[in-house]
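Okay, structure first, notes after.
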Amino acid sequence: MNGQPDVTRDPAAAPAAPPIDARLTVRTAAAAAELDVPAVREDFPILRQTVRDGKPLAYLDNAATAQKPRAVIDAISRYYTQTNANVHRGLHELSERATAAYEGARATVRRTLGAAEDREILFVRGTTEGINLVAQAWARPRLKPGDEILITAMEHHSDIVPWQIVCGQTGAELRVVPITDGGELDLAALDRLLGPKTRLLALAHVSNALGTLNPVKRIVELAHAKKVPVLLDGAQAVPHLPVDVRAIGCDFYAFSGHKAYGPTGIGALYGRAELLEAMDPWQGGGDMIASVSFEKTTWNRLPWKFEAGTPDIAGAVGLAAALDYVASLGWAPIEAYETALLAEATEMVAAVPGVRILAREAPRVSVISFTMEGVHPHDIGTIVDLQGVAIRAGHHCAQPLMDRFGVPATARASLSFYNTREEIEALVQGLHQVNEVFGR
Amino acid sequence: MSELQDLYQQVILDHNQRPRNFHALEGHAVRAEGHNPLCGDRLTLWVDREGGRLADVGFVGTGCAISKASASMMTEAVKGKSETEAQTLFDLFHGLVTGEQPVDADDPRLGKLVVFAGVRDYPVRVKCATLAWHTLRAALAGAQTVSTE
């Protein structure tokens with residue numbers, strides 16, 4: 001490859017797109033209508049099947065990964081059928097089209113996150129890789145012994161371990177913001193822990209294990225008041241909420257495509273241009289360089305500086321199709337439906353004898369994390385699975401959080417806009433069966 | 001409901017609710033920790049050996065019904081057995097729940113352990129059933145290390 005940066009999509013030369021306006025138009029148009037759930041379900045071929053000897057599938061494990069609409073499956077198939085070529089290098093038509101599709105996907109992600117510029121969007125494998133990128137390329141060269149990274153007690157392992165690694169490499173220390181018994185962040189403690197040595201605050205926008213929606217705008221204000229940059233793990237937020245990184249004010253925002261109805265293996269990291277510009281690449285290879293000689297290599301411009309090697313082009317195309325699909329449904333109907341379904345499901349699950357819902361009173365998105373008296377969550381998972389109901393049981397990659405609540409694990413039902421009241425009823429029926437089996 | 005009854009047999013539910021030998025052992029018993037990181041199941045197992053036999057076995061821990069009942073029934077099955085017999089039982093049980101090696105469910109040596117045959121149909125639950133057995137093997141191996149010092 002010749003290392004020539006792609007010029008077909010020079011972000012500097014692109015006219016300023018009106019992302020916010022475009023999204024508002026979609027939202028306003030859709031806001032009038034209620035979500036047509038049966039029609040939406042038709043868009044997801046996988047939901048039509050039966051499992052476990054003829055039981056209709058009730059897929060309530062969306063926080064683990066969401067199902068894919070036909071639009072995403074078709075976009076990937078179409079890409080490989082009609083467009084496939086390498087990006088940023090070929091002189092031929094297919095390469096031009098592949099490059100346009102890939103960079104067009106970046107623009108879609110930028111619009112979805114409300115970022116100002118395409119070059120602030122880096123394609124990565126997912127949230128985990130996005131956080132690792134910030135840990136290694138931003139934090140590692142800047143941290144000194146005694147510096148502090150602040151996270152919270154409700155983080156996923158992917159927002160704990162990368163910081164432990166970089167702390168080990170630099171002598172910095174990891175500090176943890178506690179949470180209340182109700183499953184919410186202790187904001188007073190957070191404010192106290194933001195000290196002169198804090199170099200970064202990293203936290204989940206929405207907790208994967210509890211569903212707690214954190215007041216991120218307020219938290220970013222607290223952190224910025226002390227000149228601490230903020231990284232948000234948006235893995236559980238992007239599938240359920242309109243996100244606007246400029247309104248939130250965060251410095252980094254990472255999310256995964258597969259939880260947002262896109263394919264696995266692709267996600268994005270938003271970083272404020274000023275921060276990304278100041279960072280060195282974290283991986284070397286093709287596409288991330290401007291010129292290479294054995295004496296001196298110069299880096300490509302943003303965002304390609306951080307995208308060494310041939311990227312997951314089809315993944316990016318699929319992700320854009322997913323984000324477009326969700327936008328076409330409209331955030332207002334999605335949020336209205338998901339909020340109502342979650343409230344109803346919470347009541348229904350809570351009414352089963354022996355059930356305790358974690359963070360029940362906290363503002364929550366999608367997730368019902370619960371235990372049943374005297375029954376291990378794995379047994380709950382197996383028994384409801386036999387009714388065709390797919391939930392997660394375990395520590396949800398959040399072992400410190402499980403310790404905080406004194407449970408080895410929880411059962412977790414996580415909802416999407418394609419789920420129905422009938423599916424919640426199937427879950428509840430399964431939970432009654434759990435009580436029957438265990439003689440409660 | 002029948003698949004449910006195959007997996008959660010009455011014997012298993014009983015051992016889950018009232019696990020046998022559910023206590024620590026004092027004195028010179030060897031001990032090993034078993035941990036299934038996938039589900040967070042943890043157990044501590046003690047083995048008291050006398051003259052090449054497993055004179056006493058005890059455990060404590062948390063886990064699902066399958067793992068707890070399996071640990072409980074294992075302690076009953078291996079108590080008083082020789083180490084060789086315990087190893088044979090390990091192999092039989094492993095074969096029974098994984099389906100990797102053909103095992104005759106009527107093998108008298110398995111006894112009550114045959115109730116775990118249903119686990120075979122639930123690949124993710126196999127580790128629950130075998131956790132205690134792997135911990136037993138670790139305890140015995142650890143003891144051998146100790147004895148050679």
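All residue names refer to the structure tokens as shown: chains lettered A, B, ... in order, residues numbered from 1 in each chain, ligands numbered from 1 in order.
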task: Using DSSP on the backbone, list every residue of range 103-197 of chain A that comes out as helix (DSSP H, G or I), and give them as a PyMOL selection string.
output: chain A and resi 103-113+118-120+127-139+157-159+161-170+187-193
With only C-alpha atoms considered, list every residue of chain B at most 9 Å from chain A, as a CSV table (one decimal) with all heavy atoms, in the first residue's frame.
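File written: selection35.csv
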```
chain,number,residue,atom,x,y,z
B,1,MET,N,-42.5,-30.4,31.1
B,1,MET,CA,-42.0,-30.5,32.5
B,1,MET,C,-41.1,-31.7,32.7
B,1,MET,O,-40.4,-31.8,33.6
B,1,MET,CB,-43.3,-30.7,33.4
B,1,MET,CG,-43.0,-30.4,34.9
B,1,MET,SD,-42.7,-28.7,35.3
B,1,MET,CE,-42.4,-28.8,37.1
B,3,GLU,N,-38.4,-32.8,30.9
B,3,GLU,CA,-37.0,-32.5,30.8
B,3,GLU,C,-36.5,-31.9,32.2
B,3,GLU,O,-35.4,-32.2,32.6
B,3,GLU,CB,-36.6,-31.5,29.7
B,3,GLU,CG,-37.3,-31.7,28.4
B,3,GLU,CD,-38.5,-30.7,28.3
B,3,GLU,OE1,-39.3,-30.6,29.2
B,3,GLU,OE2,-38.5,-30.0,27.2
B,4,LEU,N,-37.4,-31.1,32.7
B,4,LEU,CA,-37.2,-30.5,34.0
B,4,LEU,C,-36.9,-31.5,35.1
B,4,LEU,O,-36.0,-31.4,35.9
B,4,LEU,CB,-38.4,-29.6,34.3
B,4,LEU,CG,-38.1,-28.3,35.1
B,4,LEU,CD1,-37.0,-27.5,34.5
B,4,LEU,CD2,-39.3,-27.5,35.2
B,5,GLN,N,-37.8,-32.5,35.1
B,5,GLN,CA,-37.7,-33.6,36.1
B,5,GLN,C,-36.5,-34.4,35.9
B,5,GLN,O,-35.9,-35.0,36.8
B,5,GLN,CB,-39.0,-34.4,36.1
B,5,GLN,CG,-40.1,-33.7,36.9
B,5,GLN,CD,-41.5,-34.1,36.4
B,5,GLN,OE1,-41.6,-34.9,35.4
B,5,GLN,NE2,-42.5,-33.6,37.0
B,8,TYR,N,-33.7,-31.9,37.3
B,8,TYR,CA,-33.8,-31.6,38.7
B,8,TYR,C,-34.5,-32.8,39.4
B,8,TYR,O,-35.7,-32.6,39.8
B,8,TYR,CB,-34.5,-30.3,38.9
B,8,TYR,CG,-33.7,-29.1,38.4
B,8,TYR,CD1,-34.0,-28.5,37.2
B,8,TYR,CD2,-32.7,-28.7,39.2
B,8,TYR,CE1,-33.2,-27.4,36.8
B,8,TYR,CE2,-31.9,-27.6,38.8
B,8,TYR,CZ,-32.2,-27.0,37.6
B,8,TYR,OH,-31.4,-25.9,37.2
B,13,LEU,N,-32.5,-32.3,44.3
B,13,LEU,CA,-33.2,-31.2,45.0
B,13,LEU,C,-33.0,-31.4,46.5
B,13,LEU,O,-32.7,-30.4,47.3
B,13,LEU,CB,-34.7,-31.1,44.7
B,13,LEU,CG,-34.9,-30.7,43.2
B,13,LEU,CD1,-36.4,-30.8,42.9
B,13,LEU,CD2,-34.5,-29.2,43.0
B,17,GLN,N,-30.9,-28.9,49.1
B,17,GLN,CA,-31.6,-28.3,50.2
B,17,GLN,C,-30.9,-28.7,51.5
B,17,GLN,O,-30.7,-27.9,52.4
B,17,GLN,CB,-33.0,-28.7,50.3
B,17,GLN,CG,-33.9,-27.7,51.0
B,17,GLN,CD,-35.3,-27.8,50.6
B,17,GLN,OE1,-35.7,-28.8,50.0
B,17,GLN,NE2,-36.2,-26.9,51.0
B,37,PRO,N,-15.4,-19.9,37.4
B,37,PRO,CA,-15.5,-18.5,37.1
B,37,PRO,C,-16.7,-18.1,36.3
B,37,PRO,O,-17.2,-17.0,36.4
B,37,PRO,CB,-14.2,-18.1,36.4
B,37,PRO,CG,-13.6,-19.4,36.0
B,37,PRO,CD,-14.2,-20.5,36.8
B,38,LEU,N,-17.2,-19.0,35.5
B,38,LEU,CA,-18.3,-18.8,34.6
B,38,LEU,C,-19.6,-18.4,35.4
B,38,LEU,O,-20.3,-17.5,35.1
B,38,LEU,CB,-18.6,-20.0,33.7
B,38,LEU,CG,-19.6,-19.8,32.6
B,38,LEU,CD1,-19.1,-18.8,31.5
B,38,LEU,CD2,-20.0,-21.1,32.0
B,39,CYS,N,-19.8,-19.2,36.5
B,39,CYS,CA,-21.0,-18.9,37.2
B,39,CYS,C,-20.7,-18.4,38.6
B,39,CYS,O,-21.7,-18.1,39.4
B,39,CYS,CB,-21.9,-20.2,37.3
B,39,CYS,SG,-21.0,-21.7,37.3
B,40,GLY,N,-19.5,-18.3,39.0
B,40,GLY,CA,-19.2,-17.8,40.3
B,40,GLY,C,-19.3,-18.9,41.4
B,40,GLY,O,-19.2,-18.5,42.6
B,41,ASP,N,-19.5,-20.1,41.0
B,41,ASP,CA,-19.6,-21.2,42.0
B,41,ASP,C,-18.2,-21.4,42.7
B,41,ASP,O,-17.2,-21.4,42.1
B,41,ASP,CB,-20.0,-22.5,41.4
B,41,ASP,CG,-21.4,-22.5,40.9
B,41,ASP,OD1,-22.1,-21.5,41.2
B,41,ASP,OD2,-21.9,-23.5,40.3
B,42,ARG,N,-18.3,-21.5,44.0
B,42,ARG,CA,-17.1,-21.7,44.8
B,42,ARG,C,-17.3,-22.8,45.8
B,42,ARG,O,-18.3,-22.8,46.5
B,42,ARG,CB,-16.7,-20.4,45.6
B,42,ARG,CG,-16.0,-19.4,44.8
B,42,ARG,CD,-15.8,-18.1,45.6
B,42,ARG,NE,-15.4,-17.1,44.8
B,42,ARG,CZ,-14.2,-16.9,44.3
B,42,ARG,NH1,-13.2,-17.8,44.7
B,42,ARG,NH2,-13.9,-15.9,43.5
B,62,THR,N,-20.8,-22.1,47.9
B,62,THR,CA,-22.1,-21.6,47.3
B,62,THR,C,-22.1,-22.1,45.8
B,62,THR,O,-21.1,-22.2,45.2
B,62,THR,CB,-22.2,-20.1,47.3
B,62,THR,OG1,-21.1,-19.6,46.5
B,62,THR,CG2,-22.2,-19.6,48.7
B,63,GLY,N,-23.3,-22.4,45.3
B,63,GLY,CA,-23.4,-22.8,43.9
B,63,GLY,C,-24.8,-23.1,43.6
B,63,GLY,O,-25.7,-23.1,44.5
B,64,CYS,N,-25.0,-23.5,42.4
B,64,CYS,CA,-26.4,-23.8,41.9
B,64,CYS,C,-26.7,-25.2,42.5
B,64,CYS,O,-25.9,-25.9,43.1
B,64,CYS,CB,-26.4,-23.9,40.4
B,64,CYS,SG,-25.3,-25.1,39.7
B,65,ALA,N,-28.0,-25.6,42.3
B,65,ALA,CA,-28.4,-26.9,42.8
B,65,ALA,C,-27.6,-28.0,42.3
B,65,ALA,O,-27.3,-29.0,43.0
B,65,ALA,CB,-29.9,-27.1,42.4
B,66,ILE,N,-27.3,-28.0,41.0
B,66,ILE,CA,-26.5,-29.1,40.4
B,66,ILE,C,-25.1,-29.2,41.1
B,66,ILE,O,-24.7,-30.3,41.4
B,66,ILE,CB,-26.3,-28.9,38.9
B,66,ILE,CG1,-27.7,-28.7,38.2
B,66,ILE,CG2,-25.6,-30.0,38.3
B,66,ILE,CD1,-28.6,-29.8,38.2
B,122,TYR,N,-27.3,-30.7,28.9
B,122,TYR,CA,-27.1,-29.3,29.2
B,122,TYR,C,-25.6,-28.9,29.2
B,122,TYR,O,-25.1,-28.8,30.3
B,122,TYR,CB,-27.8,-28.9,30.5
B,122,TYR,CG,-29.3,-29.2,30.4
B,122,TYR,CD1,-29.8,-30.5,30.8
B,122,TYR,CD2,-30.2,-28.3,29.9
B,122,TYR,CE1,-31.1,-30.8,30.7
B,122,TYR,CE2,-31.6,-28.6,29.8
B,122,TYR,CZ,-32.0,-29.9,30.2
B,122,TYR,OH,-33.3,-30.2,30.1
B,125,ARG,N,-24.1,-26.8,31.9
B,125,ARG,CA,-24.2,-27.2,33.3
B,125,ARG,C,-23.3,-28.3,33.7
B,125,ARG,O,-23.2,-28.7,34.8
B,125,ARG,CB,-25.7,-27.7,33.6
B,125,ARG,CG,-26.7,-26.6,33.2
B,125,ARG,CD,-26.5,-25.3,33.8
B,125,ARG,NE,-26.5,-25.3,35.3
B,125,ARG,CZ,-27.6,-25.2,36.1
B,125,ARG,NH1,-28.7,-25.0,35.5
B,125,ARG,NH2,-27.5,-25.2,37.4
```
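Neighbouring residues of Trp138 in chain A at 8 Å or closer, counting only C-alpha atoms and skipping chain neighbours under 5 positions away, are Leu133, Met279 and Asp280 of chain A.
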Residue selection dump (N, CA and C atoms) as a PDB file, in the first residue's frame:
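Result file follows (result_7.pdb):
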```
ATOM      1  N   LEU A 133      -7.983   1.097  24.011  1.00  0.00           N
ATOM      2  CA  LEU A 133      -7.269   2.080  23.193  1.00  0.00           C
ATOM      3  C   LEU A 133      -6.976   3.333  24.021  1.00  0.00           C
ATOM      4  N   MET A 279      -2.651  12.294  20.812  1.00  0.00           N
ATOM      5  CA  MET A 279      -2.260  10.919  21.130  1.00  0.00           C
ATOM      6  C   MET A 279      -1.450  10.298  20.006  1.00  0.00           C
ATOM      7  N   ASP A 280      -0.503   9.445  20.394  1.00  0.00           N
ATOM      8  CA  ASP A 280       0.207   8.646  19.403  1.00  0.00           C
ATOM      9  C   ASP A 280      -0.622   7.416  19.068  1.00  0.00           C
TER      10      ASP A 280
END
```
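Non-sequential neighbours of Asp43 in chain A (distance at most 8 Å, separation of 5 or more positions within a chain, only C-alpha atoms) are Pro69, Arg70 and Ala71 of chain A.
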Selection: 6 Å around range 225-231 of chain A, only C-alpha atoms, excl. self and same-chain fewer than 5 positions, as a PDB file with all heavy atoms, in the first residue's frame:
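That gives us result-v1.pdb:
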```pdb
ATOM      1  N   ARG A 199      -6.659  11.595  37.096  1.00  0.00           N
ATOM      2  CA  ARG A 199      -6.310  11.897  35.700  1.00  0.00           C
ATOM      3  C   ARG A 199      -7.451  11.556  34.743  1.00  0.00           C
ATOM      4  O   ARG A 199      -7.483  12.040  33.614  1.00  0.00           O
ATOM      5  CB  ARG A 199      -5.048  11.130  35.291  1.00  0.00           C
ATOM      6  CG  ARG A 199      -3.801  11.542  36.013  1.00  0.00           C
ATOM      7  CD  ARG A 199      -3.335  12.947  35.609  1.00  0.00           C
ATOM      8  NE  ARG A 199      -2.375  13.453  36.578  1.00  0.00           N
ATOM      9  CZ  ARG A 199      -2.666  14.339  37.534  1.00  0.00           C
ATOM     10  NH1 ARG A 199      -3.879  14.855  37.635  1.00  0.00           N
ATOM     11  NH2 ARG A 199      -1.746  14.711  38.396  1.00  0.00           N
ATOM     12  N   LEU A 200      -8.339  10.665  35.166  1.00  0.00           N
ATOM     13  CA  LEU A 200      -9.438  10.258  34.286  1.00  0.00           C
ATOM     14  C   LEU A 200     -10.548   9.637  35.123  1.00  0.00           C
ATOM     15  O   LEU A 200     -10.273   8.935  36.089  1.00  0.00           O
ATOM     16  CB  LEU A 200      -8.958   9.226  33.252  1.00  0.00           C
ATOM     17  CG  LEU A 200     -10.027   8.744  32.258  1.00  0.00           C
ATOM     18  CD1 LEU A 200     -10.259   9.776  31.156  1.00  0.00           C
ATOM     19  CD2 LEU A 200      -9.635   7.416  31.628  1.00  0.00           C
ATOM     20  N   LEU A 201     -11.779   9.921  34.731  1.00  0.00           N
ATOM     21  CA  LEU A 201     -12.934   9.227  35.299  1.00  0.00           C
ATOM     22  C   LEU A 201     -13.523   8.364  34.188  1.00  0.00           C
ATOM     23  O   LEU A 201     -13.791   8.869  33.092  1.00  0.00           O
ATOM     24  CB  LEU A 201     -13.968  10.240  35.804  1.00  0.00           C
ATOM     25  CG  LEU A 201     -15.350   9.685  36.182  1.00  0.00           C
ATOM     26  CD1 LEU A 201     -15.268   8.715  37.349  1.00  0.00           C
ATOM     27  CD2 LEU A 201     -16.313  10.823  36.522  1.00  0.00           C
ATOM     28  N   ALA A 202     -13.691   7.077  34.460  1.00  0.00           N
ATOM     29  CA  ALA A 202     -14.274   6.170  33.460  1.00  0.00           C
ATOM     30  C   ALA A 202     -15.468   5.474  34.081  1.00  0.00           C
ATOM     31  O   ALA A 202     -15.358   4.893  35.159  1.00  0.00           O
ATOM     32  CB  ALA A 202     -13.243   5.140  33.008  1.00  0.00           C
ATOM     33  N   CYS A 250     -18.813  14.607  27.401  1.00  0.00           N
ATOM     34  CA  CYS A 250     -17.743  13.664  27.727  1.00  0.00           C
ATOM     35  C   CYS A 250     -16.580  13.784  26.741  1.00  0.00           C
ATOM     36  O   CYS A 250     -16.718  14.362  25.660  1.00  0.00           O
ATOM     37  CB  CYS A 250     -18.290  12.238  27.707  1.00  0.00           C
ATOM     38  SG  CYS A 250     -18.990  11.779  26.123  1.00  0.00           S
ATOM     39  N   ASP A 251     -15.445  13.211  27.131  1.00  0.00           N
ATOM     40  CA  ASP A 251     -14.233  13.315  26.311  1.00  0.00           C
ATOM     41  C   ASP A 251     -14.039  12.083  25.439  1.00  0.00           C
ATOM     42  O   ASP A 251     -13.498  12.186  24.332  1.00  0.00           O
ATOM     43  CB  ASP A 251     -13.035  13.516  27.238  1.00  0.00           C
ATOM     44  CG  ASP A 251     -13.207  14.760  28.081  1.00  0.00           C
ATOM     45  OD1 ASP A 251     -12.849  15.845  27.594  1.00  0.00           O
ATOM     46  OD2 ASP A 251     -13.766  14.668  29.204  1.00  0.00           O
ATOM     47  N   PHE A 252     -14.431  10.932  25.947  1.00  0.00           N
ATOM     48  CA  PHE A 252     -14.398   9.686  25.175  1.00  0.00           C
ATOM     49  C   PHE A 252     -15.730   8.967  25.377  1.00  0.00           C
ATOM     50  O   PHE A 252     -16.313   9.028  26.460  1.00  0.00           O
ATOM     51  CB  PHE A 252     -13.279   8.752  25.646  1.00  0.00           C
ATOM     52  CG  PHE A 252     -11.883   9.284  25.437  1.00  0.00           C
ATOM     53  CD1 PHE A 252     -11.148   9.774  26.515  1.00  0.00           C
ATOM     54  CD2 PHE A 252     -11.301   9.287  24.177  1.00  0.00           C
ATOM     55  CE1 PHE A 252      -9.854  10.254  26.341  1.00  0.00           C
ATOM     56  CE2 PHE A 252     -10.007   9.759  23.985  1.00  0.00           C
ATOM     57  CZ  PHE A 252      -9.279  10.252  25.074  1.00  0.00           C
ATOM     58  N   TYR A 253     -16.167   8.260  24.336  1.00  0.00           N
ATOM     59  CA  TYR A 253     -17.408   7.486  24.448  1.00  0.00           C
ATOM     60  C   TYR A 253     -17.237   6.233  23.594  1.00  0.00           C
ATOM     61  O   TYR A 253     -16.977   6.325  22.394  1.00  0.00           O
ATOM     62  CB  TYR A 253     -18.594   8.313  23.945  1.00  0.00           C
ATOM     63  CG  TYR A 253     -19.946   7.746  24.346  1.00  0.00           C
ATOM     64  CD1 TYR A 253     -20.659   8.289  25.409  1.00  0.00           C
ATOM     65  CD2 TYR A 253     -20.508   6.669  23.658  1.00  0.00           C
ATOM     66  CE1 TYR A 253     -21.895   7.772  25.789  1.00  0.00           C
ATOM     67  CE2 TYR A 253     -21.733   6.144  24.032  1.00  0.00           C
ATOM     68  CZ  TYR A 253     -22.429   6.704  25.092  1.00  0.00           C
ATOM     69  OH  TYR A 253     -23.648   6.196  25.477  1.00  0.00           O
TER      70      TYR A 253
END
```
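Residues within 8 Å of range 87-102 of chain B, counting only C-alpha atoms and excluding same-chain residues fewer than 5 positions away, are B:Val78, B:Arg109, B:Leu110, B:Leu113, B:Val114, B:Phe116, B:Ala117, B:Gly118, B:Val119, B:Arg120, B:Pro123, B:Val126, B:Ala129, B:Thr130, B:Trp133, B:Arg137.
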Would you export the selected residues with N, CA, C and O atoms as a short mmCIF file (atom, residue, chain, number, x, y, z; two decimals), in the first residue's frame, please?
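See out_3.cif below for the written result:
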```
data_model
loop_
_atom_site.label_atom_id
_atom_site.label_comp_id
_atom_site.auth_asym_id
_atom_site.auth_seq_id
_atom_site.Cartn_x
_atom_site.Cartn_y
_atom_site.Cartn_z
N VAL B 78 -17.59 -41.08 47.97
CA VAL B 78 -16.15 -41.40 48.07
C VAL B 78 -15.70 -41.66 49.51
O VAL B 78 -14.59 -42.17 49.73
N ARG B 109 -21.13 -49.33 40.53
CA ARG B 109 -20.23 -48.43 41.25
C ARG B 109 -20.76 -47.00 41.28
O ARG B 109 -20.46 -46.22 42.16
N LEU B 110 -21.55 -46.62 40.25
CA LEU B 110 -22.10 -45.26 40.20
C LEU B 110 -23.16 -45.04 41.28
O LEU B 110 -23.27 -43.95 41.86
N LEU B 113 -25.34 -41.79 41.97
CA LEU B 113 -24.80 -40.72 41.13
C LEU B 113 -25.43 -40.70 39.74
O LEU B 113 -25.32 -39.71 39.01
N VAL B 114 -26.10 -41.77 39.39
CA VAL B 114 -26.70 -41.87 38.07
C VAL B 114 -27.76 -40.78 37.85
O VAL B 114 -28.11 -40.45 36.71
N PHE B 116 -27.38 -37.84 37.87
CA PHE B 116 -26.80 -36.71 37.13
C PHE B 116 -26.71 -36.96 35.63
O PHE B 116 -26.19 -36.14 34.89
N ALA B 117 -27.22 -38.10 35.18
CA ALA B 117 -27.14 -38.43 33.75
C ALA B 117 -27.80 -37.34 32.89
O ALA B 117 -27.36 -37.04 31.78
N GLY B 118 -28.87 -36.72 33.42
CA GLY B 118 -29.59 -35.70 32.66
C GLY B 118 -28.76 -34.47 32.33
O GLY B 118 -29.08 -33.72 31.41
N VAL B 119 -27.69 -34.26 33.09
CA VAL B 119 -26.84 -33.08 32.90
C VAL B 119 -26.22 -33.08 31.49
O VAL B 119 -25.96 -32.03 30.92
N ARG B 120 -26.01 -34.28 30.99
CA ARG B 120 -25.38 -34.45 29.68
C ARG B 120 -26.06 -33.59 28.60
O ARG B 120 -25.44 -33.12 27.67
N PRO B 123 -25.00 -28.72 28.10
CA PRO B 123 -23.54 -28.57 28.07
C PRO B 123 -23.01 -27.52 29.06
O PRO B 123 -21.97 -27.73 29.69
N VAL B 126 -22.53 -28.88 32.66
CA VAL B 126 -21.60 -29.97 32.96
C VAL B 126 -20.55 -29.53 33.98
O VAL B 126 -20.20 -30.26 34.91
N ALA B 129 -21.69 -29.74 37.52
CA ALA B 129 -21.73 -31.10 38.08
C ALA B 129 -20.33 -31.62 38.38
O ALA B 129 -20.15 -32.43 39.29
N THR B 130 -19.34 -31.17 37.63
CA THR B 130 -18.00 -31.74 37.79
C THR B 130 -17.09 -30.92 38.70
O THR B 130 -15.99 -31.37 39.02
N TRP B 133 -15.86 -32.70 41.79
CA TRP B 133 -14.99 -33.82 41.45
C TRP B 133 -13.60 -33.35 41.05
O TRP B 133 -12.59 -33.96 41.43
N ARG B 137 -10.01 -34.10 42.99
CA ARG B 137 -8.77 -34.56 42.36
C ARG B 137 -7.61 -33.64 42.73
O ARG B 137 -6.50 -34.08 42.98
#
```
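The space separating CA of Asp385 in chain A from CA of Gly262 in chain A comes to 24.6 Å.
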Contact residues around Arg31 in chain B with only C-alpha atoms at 8 Å, ignoring same-chain residues under 3 positions, as a ChimeraX atom specification: /B:44-47,139
task: Return as number ranges by chain the full set of residues in range 66-281 of chain A whose backbone-based DSSP assignment is strand (DSSP E).
output: A: 121-124, 148-152, 173-177, 198-204, 230-233, 252-256, 267-271
